Every structure is written in structure tokens, then in C-alpha cells.
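Enquirer: data_28.json is reproduced below (JSON, C-alpha atoms).
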[["chain", "number", "residue", "atom", "x", "y", "z"],
["J", 1, "MET", "CA", 49.84, -81.49, 24.33],
["J", 2, "SER", "CA", 52.98, -80.43, 26.20],
["J", 3, "ARG", "CA", 54.16, -76.84, 25.99],
["J", 4, "ARG", "CA", 56.58, -75.95, 23.21],
["J", 5, "ARG", "CA", 59.19, -74.13, 25.29],
["J", 6, "PHE", "CA", 62.19, -72.14, 24.09],
["J", 7, "TYR", "CA", 65.02, -70.27, 25.75],
["J", 8, "ALA", "CA", 65.87, -66.66, 24.96],
["J", 9, "ALA", "CA", 68.52, -64.64, 26.77],
["J", 10, "PRO", "CA", 67.15, -61.70, 28.82],
["J", 11, "GLU", "CA", 68.76, -59.19, 26.44],
["J", 12, "ASP", "CA", 66.74, -60.70, 23.58],
["J", 13, "ILE", "CA", 63.42, -60.09, 25.31],
["J", 14, "ASP", "CA", 61.64, -56.77, 25.64],
["J", 15, "ALA", "CA", 58.11, -55.84, 26.67],
["J", 16, "LYS", "CA", 56.58, -57.10, 23.41],
["J", 17, "ILE", "CA", 58.98, -59.42, 21.56],
["J", 18, "ALA", "CA", 61.21, -62.41, 22.33],
["J", 19, "LEU", "CA", 63.94, -63.07, 19.75],
["J", 20, "LEU", "CA", 65.23, -66.64, 19.56],
["J", 21, "SER", "CA", 68.80, -67.67, 18.75],
["J", 22, "SER", "CA", 69.61, -69.43, 15.49],
["J", 23, "GLU", "CA", 69.77, -72.77, 17.32],
["J", 24, "GLU", "CA", 66.39, -72.28, 18.99],
["J", 25, "THR", "CA", 64.94, -71.03, 15.70],
["J", 26, "HIS", "CA", 66.09, -74.26, 14.03],
["J", 27, "HIS", "CA", 64.40, -76.25, 16.79],
["J", 28, "LEU", "CA", 61.19, -74.26, 16.41],
["J", 29, "THR", "CA", 61.00, -74.47, 12.62],
["J", 30, "ARG", "CA", 62.77, -77.72, 11.65],
["J", 31, "VAL", "CA", 62.16, -79.99, 14.64],
["J", 32, "LEU", "CA", 58.80, -78.87, 16.03],
["J", 33, "ARG", "CA", 57.68, -77.37, 12.70],
["J", 34, "LEU", "CA", 55.85, -74.42, 14.21],
["J", 35, "ARG", "CA", 54.45, -71.76, 11.95],
["J", 36, "VAL", "CA", 53.38, -68.12, 12.22],
["J", 37, "ASP", "CA", 50.50, -67.68, 14.70],
["J", 38, "ASP", "CA", 51.32, -70.91, 16.59],
["J", 39, "GLU", "CA", 51.51, -70.69, 20.38],
["J", 40, "ALA", "CA", 54.84, -71.18, 22.15],
["J", 41, "PHE", "CA", 56.44, -70.36, 25.49],
["J", 42, "VAL", "CA", 59.72, -68.55, 26.10],
["J", 43, "PHE", "CA", 61.75, -68.49, 29.34],
["J", 44, "ASP", "CA", 64.73, -66.23, 30.02],
["J", 45, "GLY", "CA", 66.87, -68.46, 32.25],
["J", 46, "CYS", "CA", 66.51, -66.02, 35.15],
["J", 47, "GLY", "CA", 63.04, -67.03, 36.35],
["J", 48, "ARG", "CA", 60.59, -65.48, 33.90],
["J", 49, "GLU", "CA", 58.44, -67.18, 31.28],
["J", 50, "TYR", "CA", 56.02, -65.84, 28.70],
["J", 51, "ARG", "CA", 53.16, -67.23, 26.64],
["J", 52, "CYS", "CA", 53.78, -66.09, 23.10],
["J", 53, "ARG", "CA", 52.61, -66.18, 19.49],
["J", 54, "VAL", "CA", 55.04, -66.87, 16.67],
["J", 55, "SER", "CA", 55.10, -63.72, 14.54],
["J", 56, "GLU", "CA", 58.14, -64.28, 12.29],
["J", 57, "ILE", "CA", 60.36, -67.30, 11.67],
["J", 58, "GLU", "CA", 63.15, -66.02, 9.39],
["J", 59, "PRO", "CA", 66.04, -65.43, 9.80],
["J", 60, "ARG", "CA", 65.56, -65.73, 13.57],
["J", 61, "ALA", "CA", 62.19, -66.48, 15.10],
["J", 62, "ARG", "CA", 60.38, -63.55, 16.69],
["J", 63, "LEU", "CA", 57.62, -64.27, 19.15],
["J", 64, "GLU", "CA", 55.03, -61.76, 20.27],
["J", 65, "ILE", "CA", 54.58, -61.81, 24.05],
["J", 66, "ILE", "CA", 50.97, -62.30, 25.11],
["J", 67, "THR", "CA", 51.34, -62.63, 28.88],
["J", 68, "GLU", "CA", 53.88, -63.44, 31.58],
["J", 69, "LEU", "CA", 53.31, -66.60, 33.60],
["J", 70, "SER", "CA", 53.04, -66.09, 37.34],
["J", 71, "LYS", "CA", 53.06, -69.58, 38.90],
["J", 72, "GLU", "CA", 56.28, -70.27, 40.86],
["J", 73, "VAL", "CA", 58.18, -73.30, 39.58],
["J", 74, "GLU", "CA", 61.63, -72.89, 41.15],
["J", 75, "SER", "CA", 62.63, -74.35, 44.51],
["J", 76, "PRO", "CA", 63.00, -71.96, 47.47],
["J", 77, "ALA", "CA", 66.22, -73.82, 48.32],
["J", 78, "SER", "CA", 69.49, -73.04, 46.55],
["J", 79, "ILE", "CA", 71.17, -76.42, 46.15],
["J", 80, "THR", "CA", 74.63, -77.13, 44.77],
["J", 81, "LEU", "CA", 75.32, -80.71, 43.76],
["J", 82, "ALA", "CA", 79.04, -81.44, 44.14],
["J", 83, "GLN", "CA", 79.21, -84.78, 42.36],
["J", 84, "ALA", "CA", 82.22, -87.01, 41.81],
["J", 85, "MET", "CA", 82.75, -87.64, 38.12],
["J", 86, "ALA", "CA", 81.27, -90.89, 36.83],
["J", 87, "LYS", "CA", 81.97, -93.07, 33.80],
["J", 88, "GLY", "CA", 80.18, -93.04, 30.47],
["J", 89, "GLU", "CA", 76.69, -91.66, 30.39],
["J", 90, "LYS", "CA", 76.17, -91.82, 34.15],
["J", 91, "PHE", "CA", 77.13, -88.19, 34.65],
["J", 92, "ASP", "CA", 74.81, -87.20, 31.80],
["J", 93, "PHE", "CA", 72.00, -88.94, 33.67],
["J", 94, "ILE", "CA", 72.94, -87.20, 36.92],
["J", 95, "VAL", "CA", 72.90, -83.77, 35.22],
["J", 96, "GLN", "CA", 69.49, -84.49, 33.73],
["J", 97, "LYS", "CA", 67.89, -85.66, 36.97],
["J", 98, "ALA", "CA", 69.56, -83.03, 39.15],
["J", 99, "THR", "CA", 68.12, -80.35, 36.85],
["J", 100, "GLU", "CA", 64.66, -81.87, 37.17],
["J", 101, "LEU", "CA", 65.03, -81.94, 40.94],
["J", 102, "GLY", "CA", 65.73, -78.21, 41.09],
["J", 103, "VAL", "CA", 69.46, -77.77, 41.75],
["J", 104, "SER", "CA", 70.99, -74.35, 41.16],
["J", 105, "ARG", "CA", 74.54, -75.51, 40.43],
["J", 106, "ILE", "CA", 76.41, -78.70, 39.55],
["J", 107, "VAL", "CA", 80.12, -79.06, 40.30],
["J", 108, "PRO", "CA", 81.95, -82.12, 38.91],
["J", 109, "LEU", "CA", 84.51, -83.33, 41.46],
["J", 110, "ALA", "CA", 87.85, -85.07, 40.97],
["J", 111, "THR", "CA", 88.30, -87.47, 43.89],
["J", 112, "ASP", "CA", 90.76, -90.17, 44.94],
["J", 113, "HIS", "CA", 88.60, -92.99, 43.58],
["J", 114, "THR", "CA", 87.32, -91.20, 40.49],
["J", 115, "ASP", "CA", 88.03, -93.36, 37.44],
["J", 116, "VAL", "CA", 87.29, -90.58, 34.95],
["J", 117, "LYS", "CA", 90.40, -88.73, 33.80],
["J", 118, "LEU", "CA", 89.48, -85.73, 31.67],
["J", 119, "ARG", "CA", 92.08, -84.38, 29.31],
["J", 120, "GLU", "CA", 92.25, -80.60, 29.36],
["J", 121, "GLU", "CA", 91.14, -80.34, 25.73],
["J", 122, "SER", "CA", 88.06, -82.49, 26.38],
["J", 123, "VAL", "CA", 86.79, -80.55, 29.40],
["J", 124, "ALA", "CA", 85.17, -77.80, 27.33],
["J", 125, "ASN", "CA", 83.38, -80.36, 25.15],
["J", 126, "ARG", "CA", 82.06, -82.25, 28.16],
["J", 127, "LEU", "CA", 80.85, -79.04, 29.81],
["J", 128, "GLU", "CA", 79.00, -78.04, 26.64],
["J", 129, "ARG", "CA", 77.40, -81.48, 26.55],
["J", 130, "PHE", "CA", 76.31, -81.16, 30.20],
["J", 131, "LYS", "CA", 74.84, -77.72, 29.51],
["J", 132, "ARG", "CA", 72.84, -79.03, 26.55],
["J", 133, "ILE", "CA", 71.51, -81.91, 28.63],
["J", 134, "SER", "CA", 70.54, -79.52, 31.42],
["J", 135, "MET", "CA", 68.82, -77.16, 28.96],
["J", 136, "GLU", "CA", 66.74, -79.99, 27.47],
["J", 137, "SER", "CA", 65.79, -81.05, 30.98],
["J", 138, "LEU", "CA", 64.80, -77.47, 31.85],
["J", 139, "LYS", "CA", 62.49, -77.34, 28.85],
["J", 140, "GLN", "CA", 60.93, -80.70, 29.70],
["J", 141, "CYS", "CA", 60.34, -80.15, 33.41],
["J", 142, "GLY", "CA", 59.11, -76.55, 33.25],
["J", 143, "ARG", "CA", 61.90, -74.77, 35.10],
["J", 144, "ARG", "CA", 62.85, -71.21, 34.17],
["J", 145, "LYS", "CA", 66.31, -70.69, 35.68],
["J", 146, "LEU", "CA", 69.48, -71.99, 34.06],
["J", 147, "VAL", "CA", 71.59, -74.42, 36.06],
["J", 148, "GLU", "CA", 75.22, -73.39, 36.44],
["J", 149, "ILE", "CA", 77.56, -76.18, 35.33],
["J", 150, "ALA", "CA", 81.00, -75.53, 36.82],
["J", 151, "SER", "CA", 84.35, -76.78, 35.54],
["J", 152, "PRO", "CA", 85.68, -79.94, 37.23],
["J", 153, "VAL", "CA", 87.57, -79.21, 40.43],
["J", 154, "ALA", "CA", 89.52, -81.24, 42.98],
["J", 155, "LEU", "CA", 87.60, -82.02, 46.17],
["J", 156, "GLU", "CA", 90.16, -80.23, 48.34],
["J", 157, "ASP", "CA", 89.92, -77.03, 46.30],
["J", 158, "PHE", "CA", 86.14, -77.15, 46.32],
["J", 159, "LEU", "CA", 85.98, -77.48, 50.10],
["J", 160, "LYS", "CA", 88.17, -74.40, 50.46],
["J", 161, "SER", "CA", 86.02, -72.36, 48.09],
["J", 162, "SER", "CA", 82.56, -73.01, 49.56],
["J", 163, "ASP", "CA", 81.10, -71.22, 52.57],
["J", 164, "ALA", "CA", 77.67, -72.90, 52.37],
["J", 165, "VAL", "CA", 76.39, -75.69, 54.58],
["J", 166, "MET", "CA", 78.02, -78.83, 53.16],
["J", 167, "ILE", "CA", 76.32, -82.18, 53.55],
["J", 168, "VAL", "CA", 78.20, -85.38, 52.78],
["J", 169, "PHE", "CA", 76.05, -88.33, 51.82],
["J", 170, "SER", "CA", 78.08, -91.30, 52.91],
["J", 171, "GLU", "CA", 77.79, -95.06, 52.67],
["J", 172, "ARG", "CA", 79.46, -95.26, 56.07],
["J", 173, "GLY", "CA", 76.64, -93.83, 58.11],
["J", 174, "GLY", "CA", 75.66, -90.45, 59.49],
["J", 175, "GLN", "CA", 72.66, -88.58, 60.85],
["J", 176, "ALA", "CA", 69.17, -88.16, 59.45],
["J", 177, "ILE", "CA", 68.84, -85.30, 56.97],
["J", 178, "ARG", "CA", 66.61, -83.15, 59.20],
["J", 179, "ALA", "CA", 69.16, -83.34, 62.02],
["J", 180, "VAL", "CA", 71.82, -81.52, 60.00],
["J", 181, "LEU", "CA", 69.81, -78.94, 58.06],
["J", 182, "PRO", "CA", 69.79, -75.48, 59.67],
["J", 183, "ASP", "CA", 66.41, -73.81, 60.07],
["J", 184, "ASP", "CA", 67.53, -70.43, 58.72],
["J", 185, "GLU", "CA", 69.69, -71.55, 55.80],
["J", 186, "LYS", "CA", 68.46, -71.91, 52.23],
["J", 187, "HIS", "CA", 71.78, -72.66, 50.49],
["J", 188, "VAL", "CA", 73.25, -76.12, 50.90],
["J", 189, "VAL", "CA", 75.83, -78.26, 49.13],
["J", 190, "ALA", "CA", 75.24, -81.98, 48.62],
["J", 191, "LEU", "CA", 78.49, -83.91, 48.21],
["J", 192, "ILE", "CA", 78.18, -87.27, 46.46],
["J", 193, "GLY", "CA", 81.13, -89.63, 46.22],
["J", 194, "PRO", "CA", 82.41, -91.72, 43.30],
["J", 195, "GLU", "CA", 81.58, -95.29, 42.43],
["J", 196, "GLY", "CA", 84.55, -96.42, 44.53],
["J", 197, "GLY", "CA", 83.41, -94.41, 47.54],
["J", 198, "TRP", "CA", 85.19, -91.71, 49.53],
["J", 199, "SER", "CA", 88.76, -92.43, 50.62],
["J", 200, "GLU", "CA", 89.77, -92.28, 54.29],
["J", 201, "SER", "CA", 91.77, -89.11, 53.70],
["J", 202, "GLU", "CA", 88.80, -87.46, 51.96],
["J", 203, "LEU", "CA", 86.45, -88.34, 54.80],
["J", 204, "LYS", "CA", 88.91, -86.82, 57.28],
["J", 205, "MET", "CA", 89.34, -83.72, 55.09],
["J", 206, "MET", "CA", 85.59, -83.20, 54.85],
["J", 207, "GLU", "CA", 85.13, -83.67, 58.57],
["J", 208, "GLU", "CA", 87.84, -81.11, 59.29],
["J", 209, "SER", "CA", 86.15, -78.71, 56.86],
["J", 210, "GLY", "CA", 82.96, -78.82, 58.92],
["J", 211, "CYS", "CA", 80.91, -81.01, 56.61],
["J", 212, "ARG", "CA", 77.87, -82.69, 58.06],
["J", 213, "PHE", "CA", 77.42, -86.41, 57.37],
["J", 214, "VAL", "CA", 74.08, -87.90, 56.39],
["J", 215, "THR", "CA", 73.17, -91.54, 55.95],
["J", 216, "LEU", "CA", 71.43, -92.90, 52.88],
["J", 217, "GLY", "CA", 70.29, -96.04, 54.62],
["J", 218, "PRO", "CA", 71.69, -99.55, 55.06],
["J", 219, "ARG", "CA", 72.13, -100.41, 51.37],
["J", 220, "MET", "CA", 75.01, -99.53, 49.05],
["J", 221, "LEU", "CA", 73.72, -97.16, 46.38],
["J", 222, "ARG", "CA", 75.20, -96.42, 42.98],
["J", 223, "THR", "CA", 76.57, -92.89, 42.69],
["J", 224, "GLU", "CA", 73.77, -91.82, 40.31],
["J", 225, "THR", "CA", 71.13, -93.28, 42.65],
["J", 226, "ALA", "CA", 72.73, -91.56, 45.64],
["J", 227, "ALA", "CA", 72.55, -88.19, 43.87],
["J", 228, "ILE", "CA", 68.83, -88.55, 43.18],
["J", 229, "VAL", "CA", 68.03, -89.74, 46.70],
["J", 230, "ALA", "CA", 70.11, -87.00, 48.32],
["J", 231, "LEU", "CA", 68.51, -84.21, 46.30],
["J", 232, "THR", "CA", 65.04, -85.58, 46.94],
["J", 233, "LEU", "CA", 65.70, -85.67, 50.69],
["J", 234, "ILE", "CA", 66.91, -82.05, 50.67],
["J", 235, "GLN", "CA", 64.01, -80.83, 48.57],
["J", 236, "HIS", "CA", 61.54, -82.62, 50.80],
["J", 237, "ALA", "CA", 63.11, -81.18, 53.93],
["J", 238, "MET", "CA", 63.59, -77.57, 52.81],
["J", 239, "GLY", "CA", 62.38, -77.20, 49.23],
["J", 240, "ASP", "CA", 59.32, -77.48, 47.04],
["J", 241, "LEU", "CA", 58.70, -81.21, 47.44],
["J", 242, "SER", "CA", 57.33, -80.58, 50.93],
["J", 243, "LYS", "CA", 54.73, -78.01, 49.87]]
For this file, write the structure as C-alpha cells.

Expert:
Amino acid sequence: MSRRRFYAAPEDIDAKIALLSSEETHHLTRVLRLRVDDEAFVFDGCGREYRCRVSEIEPRARLEIITELSKEVESPASITLAQAMAKGEKFDFIVQKATELGVSRIVPLATDHTDVKLREESVANRLERFKRISMESLKQCGRRKLVEIASPVALEDFLKSSDAVMIVFSERGGQAIRAVLPDDEKHVVALIGPEGGWSESELKMMEESGCRFVTLGPRMLRTETAAIVALTLIQHAMGDLSK
């Protein structure tokens, strides 16, 4: 049986008790149908997780902490995925898989060839949806740190705001991943283009910003495939997939 995992904010956890939100309480009681004395696990979104026993379920579930888990599950690499917005459910899929693959932050990018045009009033709803998807993925894969989901930003503005090592995964060639990763750096940004590819002006802008270009091989990959491959390459080179 898989672990029944729940999120509780750090301020709702003390040395003995974890207090769940109303939403998580609903999930515990109505969806998973746990009862008093059942075992469950609670993580705080900052890296800690506890094996617990359900002690109360109304009005908000209270779980008695039995022990803190010690096995490390987070990647040693801090990875930001700067991903061009994609149509339909493709970005949902990218958020889900990027969370599983251990990213710390996801930044939706507006690019020249991005077909998605978000109205200002819909941005908040989309961000909430992305956060819910990421949370469900966290629970499923066993991670304990929340993934930051940033508001959509133009590529030019993002390049100006980041001081990390930025790696562009391009369909037009580049170096092997290990050739561009610094030995002493644990924070990198993976930039993934839209379904229509990067424009010439964007490629020039990224080159002038000091981005490093990496090839994803001889075949043309979909944007959601490129994101998964890029993150896997980084995690294998400097993260927990190489352990």
C-alpha cells in the first residue's frame, strides 16, 4: 500500500501534533476515508516529513507525530525550469513531470512563438491549477519541498532577472550537457522553447545574456518531451539520478 501523505504548513506542526487544513482534512476523511488511529504521513513543504497517527478528524484533522523520517528525497541540485507556455493540458503535464524530476521552481515564459495568450484575469486561476497539480505530484512521488510556481514572464525580463547558470536546450544544436555544467555550481536554469521553437532574435538575446546552449540530439522533440529530457540530463549530471 502506498503512503497516505498530507501537507501541513510549518506553522501548523509542533513537536507532537500536525494540524491539517480544511482541504487536506476533506481529502483524509472523505476521499481516503481514514479514521482515528490510522497511520498517515505529513510533510511540511520545507523538507521535513513525519510518520503520524490520526488522533482527531473534526473539525480539522489532528495527527499525532510518531517519528520524523530521515531519508533524503530532495535533489542536491537547485533547478529552475523556465518553460515556454504550451497549449491545453501540455503545461499541466510539464508541471507534473518537472515536479517528479525534482525541480525547485517553474517559470512560465511568454516567447515570440508562444501560442498561449493568457488574459490577466485568468493568470491567477492557471497558477492555482499548476500549484494543485504540483502538490498532487509531490504527494505521489515522495518529495517534501514545495515547488515554486512563478507568474508568467516575458523571456527578456526573465533573462535580466536571473543570475544563475542558464542552459538553453535548442533544436539547433549545442554542446553536450556535461561540457556546460560548472563543477562548483548547484543552481541552474533550464530554458525550454515553445512548440514553434525559439525565434532568431531570442536566440541572439540568450547568447548575449551568457546562456549556454545544449543539444537534445538529432530529432525534433515536442516541448513537453524536451522538458523531461532536459531535466533528466541535468539530474543525471549533477543531481540525484547519478547517485

Enquirer: Please enclose the listed atoms of range 14-30 of chain J in an axis-aligned box, pad each side by 8 Å, and write out the centre and the three edge lengths in Å, rounded to one decimal, as JSON.

Expert:
{"center_x": 63.2, "center_y": -66.8, "center_z": 19.2, "size_x": 29.2, "size_y": 37.9, "size_z": 31.0}

Enquirer: Could you list, as a list in words, every residue within 12 Å of Glu208 in chain J, counting only C-alpha atoms and ignoring same-chain residues fewer than 5 positions away?

Expert: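 Selected residues are Glu156, Leu159, Lys160, Met166, Ser201, Glu202, Leu203 and Phe213 of chain J.
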
Enquirer: Rounded to one decimal, what separation in Å do you get between CA of Gly217 in chain J and CA of Asp240 in chain J?

Expert: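 Pair CA of Gly217 in chain J / CA of Asp240 in chain J returns 22.9 Å.
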
Enquirer: Which distance in Å separates CA of Met206 in chain J and CA of Ser78 in chain J, to one decimal?

Expert: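 If I compute the distance from CA of Met206 in chain J to CA of Ser78 in chain J, I get 20.8 Å.
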
Enquirer: Using all atoms listed in the file, which residues sit within 10 Å of Ser134 in chain J once same-chain residues fewer than 2 positions away are excluded, as a ChimeraX atom specification?

Expert: /J:92-100,128-132,136-140,146-149

Enquirer: I'd like the neighbourhood of Gln175 in chain J as a ChimeraX atom specification, where a residue qualifies if any of its atoms comes within 8 Å (using only C-alpha atoms), though same-chain residues fewer than 2 positions away should be ignored.

Expert: /J:173,177,179-180,213-215

Enquirer: Quick check, in Å to one decimal: how far apart do CA of Arg172 in chain J and CA of Ser209 in chain J lie?

Expert: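 If I compute the distance from CA of Arg172 in chain J to CA of Ser209 in chain J, I get 17.9 Å.
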
Enquirer: If you count all atoms listed in the file, which residues fall within 10 Å of Val54 in chain J, apart from same-chain ones fewer than 3 positions away, as JSON, numbers by chain?

Expert: {"J": [17, 18, 28, 34, 35, 36, 37, 38, 39, 40, 41, 57, 61, 62, 63, 64, 65]}

Enquirer: Which of these residues is nearest to Arg5 in chain J, using only C-alpha atoms: J:Ala110, J:Val73, J:Val229, J:Cys141?

Expert: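 Among the listed residues, the smallest separation from Arg5 in chain J belongs to J:Cys141.
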
Enquirer: Identify which of the residues J:His113, J:Arg178, J:Arg3, J:Lys87 lies closest to Trp198 in chain J, counting only C-alpha atoms when measuring atom-to-atom distances.

Expert: J:His113

Enquirer: Go through J:Thr232, J:Ser199, J:Ser151, J:Ser104 one by one, measure the shortest atom-to-atom distance of each to Asn125 in chain J using all atoms listed in the file, and give the residue with the smallest value.

Expert: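 Comparing J:Thr232, J:Ser199, J:Ser151, J:Ser104 against Asn125 in chain J, the winner is J:Ser151.
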
Enquirer: Given only C-alpha atoms, how would the per-residue table for range 15-117 of chain J near range 182-191 of chain J read, listing every residue at most 7 Å away with its closest atom pair and distance in Å to one decimal, sorted by chain and number, as a tab-separated table?

Expert:
residue	atom	partner	partner_atom	distance
J:Ala77	CA	J:Lys186	CA	4.9
J:Ser78	CA	J:His187	CA	4.6
J:Ile79	CA	J:Val188	CA	5.2
J:Thr80	CA	J:Val189	CA	4.7
J:Leu81	CA	J:Ala190	CA	5.0
J:Ala82	CA	J:Leu191	CA	4.8
J:Gln83	CA	J:Leu191	CA	6.0

Enquirer: Can you tell me, as an NGL selection string, which residues sit within 8 Å of (66.7, -70.0, 19.0) in the file's frame, using only C-alpha atoms?

Expert: :J and (6-8 or 19-28 or 60-61)

Enquirer: Hey, can you pull every residue with an atom no more than 9 Å from (86.7, -81.4, 42.0), using all atoms listed in the file, and send it as number ranges by chain?

Expert: J: 82-85, 107-111, 151-158

Enquirer: Please extract range 27-108 of chain J and write it out with C-alpha atoms, as a PDB file, in the first residue's frame.

Expert:
ATOM      1  CA  HIS J  27      -9.101  14.536   1.495  1.00  0.00           C
ATOM      2  CA  LEU J  28      -8.214  12.470   4.566  1.00  0.00           C
ATOM      3  CA  THR J  29     -11.788  11.817   5.684  1.00  0.00           C
ATOM      4  CA  ARG J  30     -13.926  11.907   2.515  1.00  0.00           C
ATOM      5  CA  VAL J  31     -11.557  10.694  -0.193  1.00  0.00           C
ATOM      6  CA  LEU J  32      -9.193   8.306   1.589  1.00  0.00           C
ATOM      7  CA  ARG J  33     -11.684   7.604   4.409  1.00  0.00           C
ATOM      8  CA  LEU J  34      -9.098   7.388   7.161  1.00  0.00           C
ATOM      9  CA  ARG J  35     -10.218   7.042  10.734  1.00  0.00           C
ATOM     10  CA  VAL J  36      -8.798   7.679  14.201  1.00  0.00           C
ATOM     11  CA  ASP J  37      -5.702   5.535  14.864  1.00  0.00           C
ATOM     12  CA  ASP J  38      -4.926   5.078  11.135  1.00  0.00           C
ATOM     13  CA  GLU J  39      -1.359   5.732  10.023  1.00  0.00           C
ATOM     14  CA  ALA J  40      -0.584   8.693   7.759  1.00  0.00           C
ATOM     15  CA  PHE J  41       2.395  10.827   6.775  1.00  0.00           C
ATOM     16  CA  VAL J  42       2.676  14.610   6.896  1.00  0.00           C
ATOM     17  CA  PHE J  43       5.270  16.789   5.126  1.00  0.00           C
ATOM     18  CA  ASP J  44       5.793  20.499   5.738  1.00  0.00           C
ATOM     19  CA  GLY J  45       6.836  21.694   2.264  1.00  0.00           C
ATOM     20  CA  CYS J  46      10.266  22.716   3.574  1.00  0.00           C
ATOM     21  CA  GLY J  47      11.935  19.295   3.620  1.00  0.00           C
ATOM     22  CA  ARG J  48      10.589  17.514   6.689  1.00  0.00           C
ATOM     23  CA  GLU J  49       8.183  14.585   6.879  1.00  0.00           C
ATOM     24  CA  TYR J  50       6.652  12.724   9.798  1.00  0.00           C
ATOM     25  CA  ARG J  51       5.026   9.346  10.348  1.00  0.00           C
ATOM     26  CA  CYS J  52       1.845  10.032  12.260  1.00  0.00           C
ATOM     27  CA  ARG J  53      -1.303   8.565  13.798  1.00  0.00           C
ATOM     28  CA  VAL J  54      -4.680  10.165  13.206  1.00  0.00           C
ATOM     29  CA  SER J  55      -5.894  11.350  16.609  1.00  0.00           C
ATOM     30  CA  GLU J  56      -8.853  13.609  15.704  1.00  0.00           C
ATOM     31  CA  ILE J  57     -10.710  14.232  12.455  1.00  0.00           C
ATOM     32  CA  GLU J  58     -13.177  17.052  13.246  1.00  0.00           C
ATOM     33  CA  PRO J  59     -13.299  19.939  12.536  1.00  0.00           C
ATOM     34  CA  ARG J  60      -9.719  19.774  11.226  1.00  0.00           C
ATOM     35  CA  ALA J  61      -7.704  16.583  11.346  1.00  0.00           C
ATOM     36  CA  ARG J  62      -5.051  16.384  14.056  1.00  0.00           C
ATOM     37  CA  LEU J  63      -2.283  13.845  13.668  1.00  0.00           C
ATOM     38  CA  GLU J  64      -0.001  12.724  16.464  1.00  0.00           C
ATOM     39  CA  ILE J  65       3.637  12.690  15.356  1.00  0.00           C
ATOM     40  CA  ILE J  66       5.339   9.349  15.945  1.00  0.00           C
ATOM     41  CA  THR J  67       8.711   9.926  14.291  1.00  0.00           C
ATOM     42  CA  GLU J  68      10.458  12.128  11.747  1.00  0.00           C
ATOM     43  CA  LEU J  69      11.695  10.473   8.569  1.00  0.00           C
ATOM     44  CA  SER J  70      15.398  10.835   7.887  1.00  0.00           C
ATOM     45  CA  LYS J  71      15.967   9.512   4.352  1.00  0.00           C
ATOM     46  CA  GLU J  72      16.895  12.298   1.899  1.00  0.00           C
ATOM     47  CA  VAL J  73      14.491  12.567  -1.033  1.00  0.00           C
ATOM     48  CA  GLU J  74      15.278  16.002  -2.496  1.00  0.00           C
ATOM     49  CA  SER J  75      17.831  16.622  -5.227  1.00  0.00           C
ATOM     50  CA  PRO J  76      21.132  18.282  -4.269  1.00  0.00           C
ATOM     51  CA  ALA J  77      20.727  20.459  -7.368  1.00  0.00           C
ATOM     52  CA  SER J  78      18.511  23.546  -7.361  1.00  0.00           C
ATOM     53  CA  ILE J  79      16.885  23.556 -10.792  1.00  0.00           C
ATOM     54  CA  THR J  80      14.619  26.207 -12.263  1.00  0.00           C
ATOM     55  CA  LEU J  81      12.607  25.185 -15.298  1.00  0.00           C
ATOM     56  CA  ALA J  82      11.922  28.242 -17.459  1.00  0.00           C
ATOM     57  CA  GLN J  83       9.363  26.779 -19.832  1.00  0.00           C
ATOM     58  CA  ALA J  84       7.588  28.467 -22.725  1.00  0.00           C
ATOM     59  CA  MET J  85       3.837  28.290 -22.265  1.00  0.00           C
ATOM     60  CA  ALA J  86       2.142  25.430 -24.105  1.00  0.00           C
ATOM     61  CA  LYS J  87      -1.416  24.810 -25.266  1.00  0.00           C
ATOM     62  CA  GLY J  88      -4.127  22.871 -23.483  1.00  0.00           C
ATOM     63  CA  GLU J  89      -3.054  20.322 -20.933  1.00  0.00           C
ATOM     64  CA  LYS J  90       0.554  20.180 -22.107  1.00  0.00           C
ATOM     65  CA  PHE J  91       1.726  22.654 -19.485  1.00  0.00           C
ATOM     66  CA  ASP J  92      -0.164  20.703 -16.816  1.00  0.00           C
ATOM     67  CA  PHE J  93       1.798  17.626 -17.881  1.00  0.00           C
ATOM     68  CA  ILE J  94       5.073  19.559 -17.782  1.00  0.00           C
ATOM     69  CA  VAL J  95       4.361  20.824 -14.245  1.00  0.00           C
ATOM     70  CA  GLN J  96       3.560  17.295 -13.092  1.00  0.00           C
ATOM     71  CA  LYS J  97       6.671  15.688 -14.557  1.00  0.00           C
ATOM     72  CA  ALA J  98       9.005  18.545 -13.619  1.00  0.00           C
ATOM     73  CA  THR J  99       7.857  18.173 -10.008  1.00  0.00           C
ATOM     74  CA  GLU J 100       8.560  14.445 -10.120  1.00  0.00           C
ATOM     75  CA  LEU J 101      12.002  15.141 -11.550  1.00  0.00           C
ATOM     76  CA  GLY J 102      12.926  17.386  -8.631  1.00  0.00           C
ATOM     77  CA  VAL J 103      12.807  20.985  -9.870  1.00  0.00           C
ATOM     78  CA  SER J 104      12.766  23.767  -7.295  1.00  0.00           C
ATOM     79  CA  ARG J 105      10.974  26.377  -9.410  1.00  0.00           C
ATOM     80  CA  ILE J 106       8.904  26.590 -12.588  1.00  0.00           C
ATOM     81  CA  VAL J 107       8.672  29.841 -14.551  1.00  0.00           C
ATOM     82  CA  PRO J 108       6.162  30.029 -17.442  1.00  0.00           C
TER      83      PRO J 108
END
